[in-house]
Amino acid sequence: MMLTPTRSDRRRVRNRDAILSAAETLFGARGIEAVSIDEIAEAADLAKGTVYNHFTDKDALAAEIAAAARADGEARVAEANAGVPDPVRRTIRGVLVFARFAAERPERARAMMRLTPGASDPFAPVNEGVQADVAAGLAAGAFTGHIESATLMVLGVAHILIARIAGARLDLEAAHILARDAAALVLRGLGVAPAAALATAAAEAADIFKEVP
């Protein structure tokens, strides 16, 4: 038998969602150290004590936001790369997915970058997926270079794209064009021939940024 949520239960859920939304926006814009609990409470239109009823401190709040944002982004990449075995396509589709993520959820994307430990470390656990795709590309001879520098380049461009797209609030069309061109440069940097890099970037960007009904 399912219990019907009480008014108190519904209010608690609304308050928690309001706190997370406010903190995500503030942390994404300024970072955790520059934001106070008082500011989060004010932005959520709640009492400071209500924030502490849900989260013990800013670190707990930031950890939940970072985990949710990263899980959101990773789920999008996993969905986009399902059934795609080619490491060249997988690598660049991951970059493009995060570019679209930044256009659709700018606050969440910025919070993810600011709050994720090891986001720029090519060997951090959070980057295992991209590292594996780059390694597969190197092993297949599709990419050239070293695993660390190659992975770092992919991550660097992805992070810059997220920052630019989210920070400038680019719409999907503008984000599509910027991400497509950046993706072509990434592929060329990884050793893909110029014509193939342009064609692959254009095709994958068109797929990732297609309108979803």
# chains A, B, ... in the order shown; residues from 1 in each chain; ligands from 1
call {"tool": "residues_around", "arguments": {"residues": "A:Leu152", "least_positions_apart": "2", "cutoff": "9 Å", "atoms": "only C-alpha atoms", "output": "PDB file with N, CA and C atoms, in the first residue's frame"}}
result
ATOM      1  N   SER A 120      39.870  18.396 -13.937  1.00  0.00           N
ATOM      2  CA  SER A 120      40.883  18.625 -14.967  1.00  0.00           C
ATOM      3  C   SER A 120      42.027  17.617 -14.921  1.00  0.00           C
ATOM      4  N   ASP A 121      41.907  16.616 -14.065  1.00  0.00           N
ATOM      5  CA  ASP A 121      42.944  15.582 -13.943  1.00  0.00           C
ATOM      6  C   ASP A 121      42.616  14.426 -14.888  1.00  0.00           C
ATOM      7  N   PRO A 122      43.460  14.184 -15.903  1.00  0.00           N
ATOM      8  CA  PRO A 122      43.134  13.126 -16.873  1.00  0.00           C
ATOM      9  C   PRO A 122      43.039  11.733 -16.267  1.00  0.00           C
ATOM     10  N   GLN A 131      39.089   8.921 -20.731  1.00  0.00           N
ATOM     11  CA  GLN A 131      40.428   8.330 -20.811  1.00  0.00           C
ATOM     12  C   GLN A 131      40.379   6.987 -21.536  1.00  0.00           C
ATOM     13  N   ILE A 147      48.738   9.103 -23.895  1.00  0.00           N
ATOM     14  CA  ILE A 147      47.438   9.048 -23.244  1.00  0.00           C
ATOM     15  C   ILE A 147      47.184  10.266 -22.348  1.00  0.00           C
ATOM     16  N   GLU A 148      48.197  10.700 -21.606  1.00  0.00           N
ATOM     17  CA  GLU A 148      47.973  11.822 -20.691  1.00  0.00           C
ATOM     18  C   GLU A 148      47.719  13.125 -21.432  1.00  0.00           C
ATOM     19  N   SER A 149      48.586  13.463 -22.377  1.00  0.00           N
ATOM     20  CA  SER A 149      48.426  14.731 -23.101  1.00  0.00           C
ATOM     21  C   SER A 149      47.179  14.724 -23.977  1.00  0.00           C
ATOM     22  N   ALA A 150      46.882  13.566 -24.584  1.00  0.00           N
ATOM     23  CA  ALA A 150      45.697  13.483 -25.447  1.00  0.00           C
ATOM     24  C   ALA A 150      44.416  13.640 -24.634  1.00  0.00           C
ATOM     25  N   VAL A 154      41.488  16.789 -24.701  1.00  0.00           N
ATOM     26  CA  VAL A 154      40.045  16.593 -24.828  1.00  0.00           C
ATOM     27  C   VAL A 154      39.314  17.251 -23.660  1.00  0.00           C
ATOM     28  N   LEU A 155      39.797  17.006 -22.447  1.00  0.00           N
ATOM     29  CA  LEU A 155      39.169  17.594 -21.264  1.00  0.00           C
ATOM     30  C   LEU A 155      39.257  19.116 -21.289  1.00  0.00           C
ATOM     31  N   GLY A 156      40.419  19.629 -21.691  1.00  0.00           N
ATOM     32  CA  GLY A 156      40.594  21.071 -21.713  1.00  0.00           C
ATOM     33  C   GLY A 156      39.618  21.767 -22.636  1.00  0.00           C
ATOM     34  N   VAL A 157      39.453  21.226 -23.828  1.00  0.00           N
ATOM     35  CA  VAL A 157      38.516  21.829 -24.771  1.00  0.00           C
ATOM     36  C   VAL A 157      37.083  21.694 -24.257  1.00  0.00           C
TER      37      VAL A 157
END
call {"tool": "residues_around", "arguments": {"residues": "A:Ala201", "least_positions_apart": "3", "cutoff": "7 Å", "atoms": "only C-alpha atoms", "output": "PyMOL selection string"}}
result
chain A and resi 180+183-184+197-198+204-205
call {"tool": "select_by_dssp", "arguments": {"residues": "chain A", "states": "helix (DSSP H, G or I)", "output": "number ranges by chain"}}
result
A: 7-30, 37-44, 48-54, 58-81, 87-104, 106-115, 125-139, 147-168, 172-189, 194-208
call {"tool": "residues_around", "arguments": {"residues": "stretch 166-176 of chain A", "least_positions_apart": "4", "cutoff": "12 Å", "atoms": "only C-alpha atoms", "output": "PDB file with N, CA, C and O atoms, in the first residue's frame"}}
result
ATOM      1  N   THR A  25      22.927  27.530  -8.570  1.00  0.00           N
ATOM      2  CA  THR A  25      23.138  28.769  -9.321  1.00  0.00           C
ATOM      3  C   THR A  25      24.262  29.601  -8.706  1.00  0.00           C
ATOM      4  O   THR A  25      25.153  30.085  -9.417  1.00  0.00           O
ATOM      5  N   GLY A  28      27.700  27.755  -8.954  1.00  0.00           N
ATOM      6  CA  GLY A  28      28.153  27.736 -10.339  1.00  0.00           C
ATOM      7  C   GLY A  28      28.706  29.068 -10.774  1.00  0.00           C
ATOM      8  O   GLY A  28      29.662  29.144 -11.558  1.00  0.00           O
ATOM      9  N   ALA A  29      28.137  30.152 -10.271  1.00  0.00           N
ATOM     10  CA  ALA A  29      28.580  31.484 -10.662  1.00  0.00           C
ATOM     11  C   ALA A  29      29.817  31.941  -9.916  1.00  0.00           C
ATOM     12  O   ALA A  29      30.689  32.606 -10.491  1.00  0.00           O
ATOM     13  N   ARG A  30      29.910  31.585  -8.620  1.00  0.00           N
ATOM     14  CA  ARG A  30      30.971  32.173  -7.794  1.00  0.00           C
ATOM     15  C   ARG A  30      31.850  31.182  -7.064  1.00  0.00           C
ATOM     16  O   ARG A  30      32.904  31.561  -6.531  1.00  0.00           O
ATOM     17  N   VAL A  95      32.439  15.199 -25.850  1.00  0.00           N
ATOM     18  CA  VAL A  95      32.679  16.642 -25.809  1.00  0.00           C
ATOM     19  C   VAL A  95      31.421  17.389 -26.244  1.00  0.00           C
ATOM     20  O   VAL A  95      30.999  18.367 -25.613  1.00  0.00           O
ATOM     21  N   LEU A  96      30.810  16.932 -27.302  1.00  0.00           N
ATOM     22  CA  LEU A  96      29.624  17.598 -27.842  1.00  0.00           C
ATOM     23  C   LEU A  96      28.426  17.503 -26.892  1.00  0.00           C
ATOM     24  O   LEU A  96      27.649  18.461 -26.761  1.00  0.00           O
ATOM     25  N   VAL A  97      28.291  16.378 -26.233  1.00  0.00           N
ATOM     26  CA  VAL A  97      27.185  16.216 -25.280  1.00  0.00           C
ATOM     27  C   VAL A  97      27.311  17.224 -24.144  1.00  0.00           C
ATOM     28  O   VAL A  97      26.325  17.864 -23.741  1.00  0.00           O
ATOM     29  N   PHE A  98      28.518  17.386 -23.623  1.00  0.00           N
ATOM     30  CA  PHE A  98      28.694  18.347 -22.533  1.00  0.00           C
ATOM     31  C   PHE A  98      28.503  19.776 -23.022  1.00  0.00           C
ATOM     32  O   PHE A  98      28.064  20.643 -22.251  1.00  0.00           O
ATOM     33  N   ALA A  99      28.798  20.037 -24.285  1.00  0.00           N
ATOM     34  CA  ALA A  99      28.536  21.367 -24.843  1.00  0.00           C
ATOM     35  C   ALA A  99      27.032  21.628 -24.882  1.00  0.00           C
ATOM     36  O   ALA A  99      26.566  22.719 -24.514  1.00  0.00           O
ATOM     37  N   ARG A 100      26.269  20.643 -25.300  1.00  0.00           N
ATOM     38  CA  ARG A 100      24.815  20.816 -25.310  1.00  0.00           C
ATOM     39  C   ARG A 100      24.276  20.926 -23.879  1.00  0.00           C
ATOM     40  O   ARG A 100      23.365  21.723 -23.607  1.00  0.00           O
ATOM     41  N   PHE A 101      24.819  20.144 -22.984  1.00  0.00           N
ATOM     42  CA  PHE A 101      24.442  20.200 -21.576  1.00  0.00           C
ATOM     43  C   PHE A 101      24.623  21.620 -21.039  1.00  0.00           C
ATOM     44  O   PHE A 101      23.761  22.153 -20.335  1.00  0.00           O
ATOM     45  N   ALA A 102      25.737  22.268 -21.400  1.00  0.00           N
ATOM     46  CA  ALA A 102      26.000  23.632 -20.937  1.00  0.00           C
ATOM     47  C   ALA A 102      24.995  24.626 -21.495  1.00  0.00           C
ATOM     48  O   ALA A 102      24.650  25.607 -20.831  1.00  0.00           O
ATOM     49  N   ALA A 103      24.513  24.380 -22.709  1.00  0.00           N
ATOM     50  CA  ALA A 103      23.519  25.272 -23.303  1.00  0.00           C
ATOM     51  C   ALA A 103      22.149  25.079 -22.652  1.00  0.00           C
ATOM     52  O   ALA A 103      21.411  26.049 -22.430  1.00  0.00           O
ATOM     53  N   GLU A 104      21.816  23.844 -22.336  1.00  0.00           N
ATOM     54  CA  GLU A 104      20.501  23.545 -21.779  1.00  0.00           C
ATOM     55  C   GLU A 104      20.415  23.764 -20.267  1.00  0.00           C
ATOM     56  O   GLU A 104      19.372  24.171 -19.758  1.00  0.00           O
ATOM     57  N   ARG A 105      21.500  23.475 -19.576  1.00  0.00           N
ATOM     58  CA  ARG A 105      21.519  23.606 -18.112  1.00  0.00           C
ATOM     59  C   ARG A 105      22.772  24.373 -17.680  1.00  0.00           C
ATOM     60  O   ARG A 105      23.679  23.800 -17.077  1.00  0.00           O
ATOM     61  N   PRO A 106      22.866  25.648 -18.003  1.00  0.00           N
ATOM     62  CA  PRO A 106      24.106  26.396 -17.736  1.00  0.00           C
ATOM     63  C   PRO A 106      24.519  26.427 -16.270  1.00  0.00           C
ATOM     64  O   PRO A 106      25.699  26.249 -15.958  1.00  0.00           O
ATOM     65  N   GLU A 107      23.556  26.648 -15.365  1.00  0.00           N
ATOM     66  CA  GLU A 107      23.911  26.699 -13.951  1.00  0.00           C
ATOM     67  C   GLU A 107      24.442  25.356 -13.474  1.00  0.00           C
ATOM     68  O   GLU A 107      25.442  25.281 -12.751  1.00  0.00           O
ATOM     69  N   ARG A 108      23.784  24.296 -13.884  1.00  0.00           N
ATOM     70  CA  ARG A 108      24.211  22.963 -13.455  1.00  0.00           C
ATOM     71  C   ARG A 108      25.578  22.606 -14.044  1.00  0.00           C
ATOM     72  O   ARG A 108      26.422  22.027 -13.354  1.00  0.00           O
ATOM     73  N   ALA A 109      25.794  22.963 -15.302  1.00  0.00           N
ATOM     74  CA  ALA A 109      27.076  22.658 -15.934  1.00  0.00           C
ATOM     75  C   ALA A 109      28.216  23.413 -15.257  1.00  0.00           C
ATOM     76  O   ALA A 109      29.295  22.861 -15.013  1.00  0.00           O
ATOM     77  N   ARG A 110      27.986  24.688 -14.933  1.00  0.00           N
ATOM     78  CA  ARG A 110      29.025  25.474 -14.272  1.00  0.00           C
ATOM     79  C   ARG A 110      29.280  24.957 -12.857  1.00  0.00           C
ATOM     80  O   ARG A 110      30.431  24.892 -12.405  1.00  0.00           O
ATOM     81  N   ALA A 111      28.235  24.584 -12.169  1.00  0.00           N
ATOM     82  CA  ALA A 111      28.395  24.028 -10.827  1.00  0.00           C
ATOM     83  C   ALA A 111      29.181  22.729 -10.886  1.00  0.00           C
ATOM     84  O   ALA A 111      30.049  22.469 -10.033  1.00  0.00           O
ATOM     85  N   MET A 112      28.899  21.908 -11.868  1.00  0.00           N
ATOM     86  CA  MET A 112      29.610  20.648 -12.028  1.00  0.00           C
ATOM     87  C   MET A 112      31.109  20.882 -12.173  1.00  0.00           C
ATOM     88  O   MET A 112      31.927  20.215 -11.527  1.00  0.00           O
ATOM     89  N   MET A 113      31.484  21.853 -13.004  1.00  0.00           N
ATOM     90  CA  MET A 113      32.886  22.131 -13.224  1.00  0.00           C
ATOM     91  C   MET A 113      33.560  22.698 -11.981  1.00  0.00           C
ATOM     92  O   MET A 113      34.702  22.339 -11.661  1.00  0.00           O
ATOM     93  N   ALA A 158      36.747  20.547 -23.684  1.00  0.00           N
ATOM     94  CA  ALA A 158      35.398  20.360 -23.134  1.00  0.00           C
ATOM     95  C   ALA A 158      35.120  21.372 -22.032  1.00  0.00           C
ATOM     96  O   ALA A 158      34.038  21.979 -21.986  1.00  0.00           O
ATOM     97  N   HIS A 159      36.083  21.585 -21.164  1.00  0.00           N
ATOM     98  CA  HIS A 159      35.889  22.525 -20.060  1.00  0.00           C
ATOM     99  C   HIS A 159      35.747  23.958 -20.564  1.00  0.00           C
ATOM    100  O   HIS A 159      34.912  24.726 -20.057  1.00  0.00           O
ATOM    101  N   ILE A 160      36.556  24.318 -21.543  1.00  0.00           N
ATOM    102  CA  ILE A 160      36.472  25.671 -22.103  1.00  0.00           C
ATOM    103  C   ILE A 160      35.125  25.878 -22.800  1.00  0.00           C
ATOM    104  O   ILE A 160      34.505  26.934 -22.693  1.00  0.00           O
ATOM    105  N   LEU A 161      34.672  24.861 -23.513  1.00  0.00           N
ATOM    106  CA  LEU A 161      33.366  24.946 -24.161  1.00  0.00           C
ATOM    107  C   LEU A 161      32.250  25.143 -23.137  1.00  0.00           C
ATOM    108  O   LEU A 161      31.356  25.969 -23.316  1.00  0.00           O
ATOM    109  N   ILE A 162      32.302  24.345 -22.068  1.00  0.00           N
ATOM    110  CA  ILE A 162      31.278  24.469 -21.029  1.00  0.00           C
ATOM    111  C   ILE A 162      31.289  25.876 -20.448  1.00  0.00           C
ATOM    112  O   ILE A 162      30.236  26.511 -20.288  1.00  0.00           O
ATOM    113  N   ARG A 180      30.875  22.288 -32.739  1.00  0.00           N
ATOM    114  CA  ARG A 180      31.276  21.583 -33.966  1.00  0.00           C
ATOM    115  C   ARG A 180      32.683  21.977 -34.378  1.00  0.00           C
ATOM    116  O   ARG A 180      33.525  21.123 -34.686  1.00  0.00           O
ATOM    117  N   ASP A 181      32.956  23.276 -34.392  1.00  0.00           N
ATOM    118  CA  ASP A 181      34.268  23.750 -34.820  1.00  0.00           C
ATOM    119  C   ASP A 181      35.364  23.339 -33.839  1.00  0.00           C
ATOM    120  O   ASP A 181      36.470  22.957 -34.245  1.00  0.00           O
ATOM    121  N   ALA A 182      35.047  23.412 -32.542  1.00  0.00           N
ATOM    122  CA  ALA A 182      36.016  22.992 -31.535  1.00  0.00           C
ATOM    123  C   ALA A 182      36.279  21.492 -31.623  1.00  0.00           C
ATOM    124  O   ALA A 182      37.424  21.033 -31.466  1.00  0.00           O
ATOM    125  N   ALA A 183      35.229  20.718 -31.899  1.00  0.00           N
ATOM    126  CA  ALA A 183      35.380  19.269 -32.022  1.00  0.00           C
ATOM    127  C   ALA A 183      36.308  18.910 -33.181  1.00  0.00           C
ATOM    128  O   ALA A 183      37.130  17.996 -33.079  1.00  0.00           O
ATOM    129  N   ALA A 201      33.298  15.731 -37.145  1.00  0.00           N
ATOM    130  CA  ALA A 201      32.783  16.728 -36.210  1.00  0.00           C
ATOM    131  C   ALA A 201      31.419  17.247 -36.657  1.00  0.00           C
ATOM    132  O   ALA A 201      30.503  17.400 -35.848  1.00  0.00           O
ATOM    133  N   ALA A 202      31.279  17.511 -37.945  1.00  0.00           N
ATOM    134  CA  ALA A 202      30.011  18.027 -38.463  1.00  0.00           C
ATOM    135  C   ALA A 202      28.888  17.003 -38.295  1.00  0.00           C
ATOM    136  O   ALA A 202      27.776  17.346 -37.864  1.00  0.00           O
ATOM    137  N   ALA A 203      29.174  15.753 -38.633  1.00  0.00           N
ATOM    138  CA  ALA A 203      28.152  14.711 -38.543  1.00  0.00           C
ATOM    139  C   ALA A 203      27.733  14.447 -37.101  1.00  0.00           C
ATOM    140  O   ALA A 203      26.537  14.344 -36.791  1.00  0.00           O
ATOM    141  N   GLU A 204      28.713  14.347 -36.198  1.00  0.00           N
ATOM    142  CA  GLU A 204      28.390  14.050 -34.807  1.00  0.00           C
ATOM    143  C   GLU A 204      27.709  15.232 -34.126  1.00  0.00           C
ATOM    144  O   GLU A 204      26.786  15.058 -33.319  1.00  0.00           O
ATOM    145  N   ALA A 205      28.132  16.457 -34.450  1.00  0.00           N
ATOM    146  CA  ALA A 205      27.491  17.630 -33.870  1.00  0.00           C
ATOM    147  C   ALA A 205      26.039  17.731 -34.334  1.00  0.00           C
ATOM    148  O   ALA A 205      25.138  18.083 -33.552  1.00  0.00           O
ATOM    149  N   ALA A 206      25.803  17.434 -35.601  1.00  0.00           N
ATOM    150  CA  ALA A 206      24.426  17.489 -36.127  1.00  0.00           C
ATOM    151  C   ALA A 206      23.550  16.493 -35.385  1.00  0.00           C
ATOM    152  O   ALA A 206      22.377  16.761 -35.107  1.00  0.00           O
ATOM    153  N   ASP A 207      24.122  15.329 -35.039  1.00  0.00           N
ATOM    154  CA  ASP A 207      23.341  14.323 -34.334  1.00  0.00           C
ATOM    155  C   ASP A 207      23.104  14.717 -32.879  1.00  0.00           C
ATOM    156  O   ASP A 207      21.974  14.637 -32.376  1.00  0.00           O
ATOM    157  N   ILE A 208      24.147  15.161 -32.203  1.00  0.00           N
ATOM    158  CA  ILE A 208      24.028  15.512 -30.791  1.00  0.00           C
ATOM    159  C   ILE A 208      23.115  16.715 -30.578  1.00  0.00           C
ATOM    160  O   ILE A 208      22.344  16.777 -29.614  1.00  0.00           O
ATOM    161  N   PHE A 209      23.175  17.676 -31.502  1.00  0.00           N
ATOM    162  CA  PHE A 209      22.385  18.886 -31.324  1.00  0.00           C
ATOM    163  C   PHE A 209      21.051  18.873 -32.053  1.00  0.00           C
ATOM    164  O   PHE A 209      20.368  19.893 -32.126  1.00  0.00           O
ATOM    165  N   LYS A 210      20.680  17.727 -32.579  1.00  0.00           N
ATOM    166  CA  LYS A 210      19.380  17.661 -33.258  1.00  0.00           C
ATOM    167  C   LYS A 210      18.288  17.932 -32.241  1.00  0.00           C
ATOM    168  O   LYS A 210      18.407  17.639 -31.055  1.00  0.00           O
ATOM    169  N   GLU A 211      17.218  18.495 -32.721  1.00  0.00           N
ATOM    170  CA  GLU A 211      16.090  18.804 -31.851  1.00  0.00           C
ATOM    171  C   GLU A 211      15.417  17.508 -31.403  1.00  0.00           C
ATOM    172  O   GLU A 211      15.200  16.590 -32.197  1.00  0.00           O
ATOM    173  N   VAL A 212      15.110  17.440 -30.131  1.00  0.00           N
ATOM    174  CA  VAL A 212      14.447  16.268 -29.582  1.00  0.00           C
ATOM    175  C   VAL A 212      12.987  16.611 -29.341  1.00  0.00           C
ATOM    176  O   VAL A 212      12.683  17.573 -28.638  1.00  0.00           O
TER     177      VAL A 212
END
call {"tool": "atom_distance", "arguments": {"atom1": "atom CA of A:Ser21", "atom2": "atom CA of A:Gly118"}}
result
23.3 Å
call {"tool": "closest_residue", "arguments": {"among": "A:Ala44, A:Ala82, A:Ala23, A:Ile92", "to": "A:Asp59", "atoms": "only C-alpha atoms"}}
result
A:Ala23
call {"tool": "atom_distance", "arguments": {"atom1": "atom CA of A:Ala63", "atom2": "atom CA of A:Ala179"}}
result
28.4 Å
call {"tool": "residues_around", "arguments": {"residues": "A:Val35", "least_positions_apart": "3", "cutoff": "12 Å", "atoms": "only C-alpha atoms", "output": "list in words"}}
result
Ala22, Ala23, Glu24, Thr25, Leu26, Phe27, Gly28, Ala29, Arg30, Gly31, Ile32, Asp38, Glu39, Ile40, Ala41, Glu42, Ala43, Asp57, Lys58, Asp59, Leu61 and Ala62 of chain A
call {"tool": "atom_distance", "arguments": {"atom1": "atom CA of A:Val186", "atom2": "atom CA of A:Leu115"}}
result
25.0 Å
call {"tool": "residues_around", "arguments": {"residues": "A:Arg16", "least_positions_apart": "4", "cutoff": "10 Å", "atoms": "only C-alpha atoms", "output": "PyMOL selection string"}}
result
chain A and resi 10-12+20-22+44+50-51+53-55
call {"tool": "closest_residue", "arguments": {"among": "A:Pro125, A:Gly145, A:Pro87, A:Arg114", "to": "A:Glu33", "atoms": "only C-alpha atoms"}}
result
A:Arg114
call {"tool": "closest_residue", "arguments": {"among": "A:Ile165, A:Ala119, A:Ala196, A:Ala142", "to": "A:Ala66", "atoms": "only C-alpha atoms"}}
result
A:Ala119
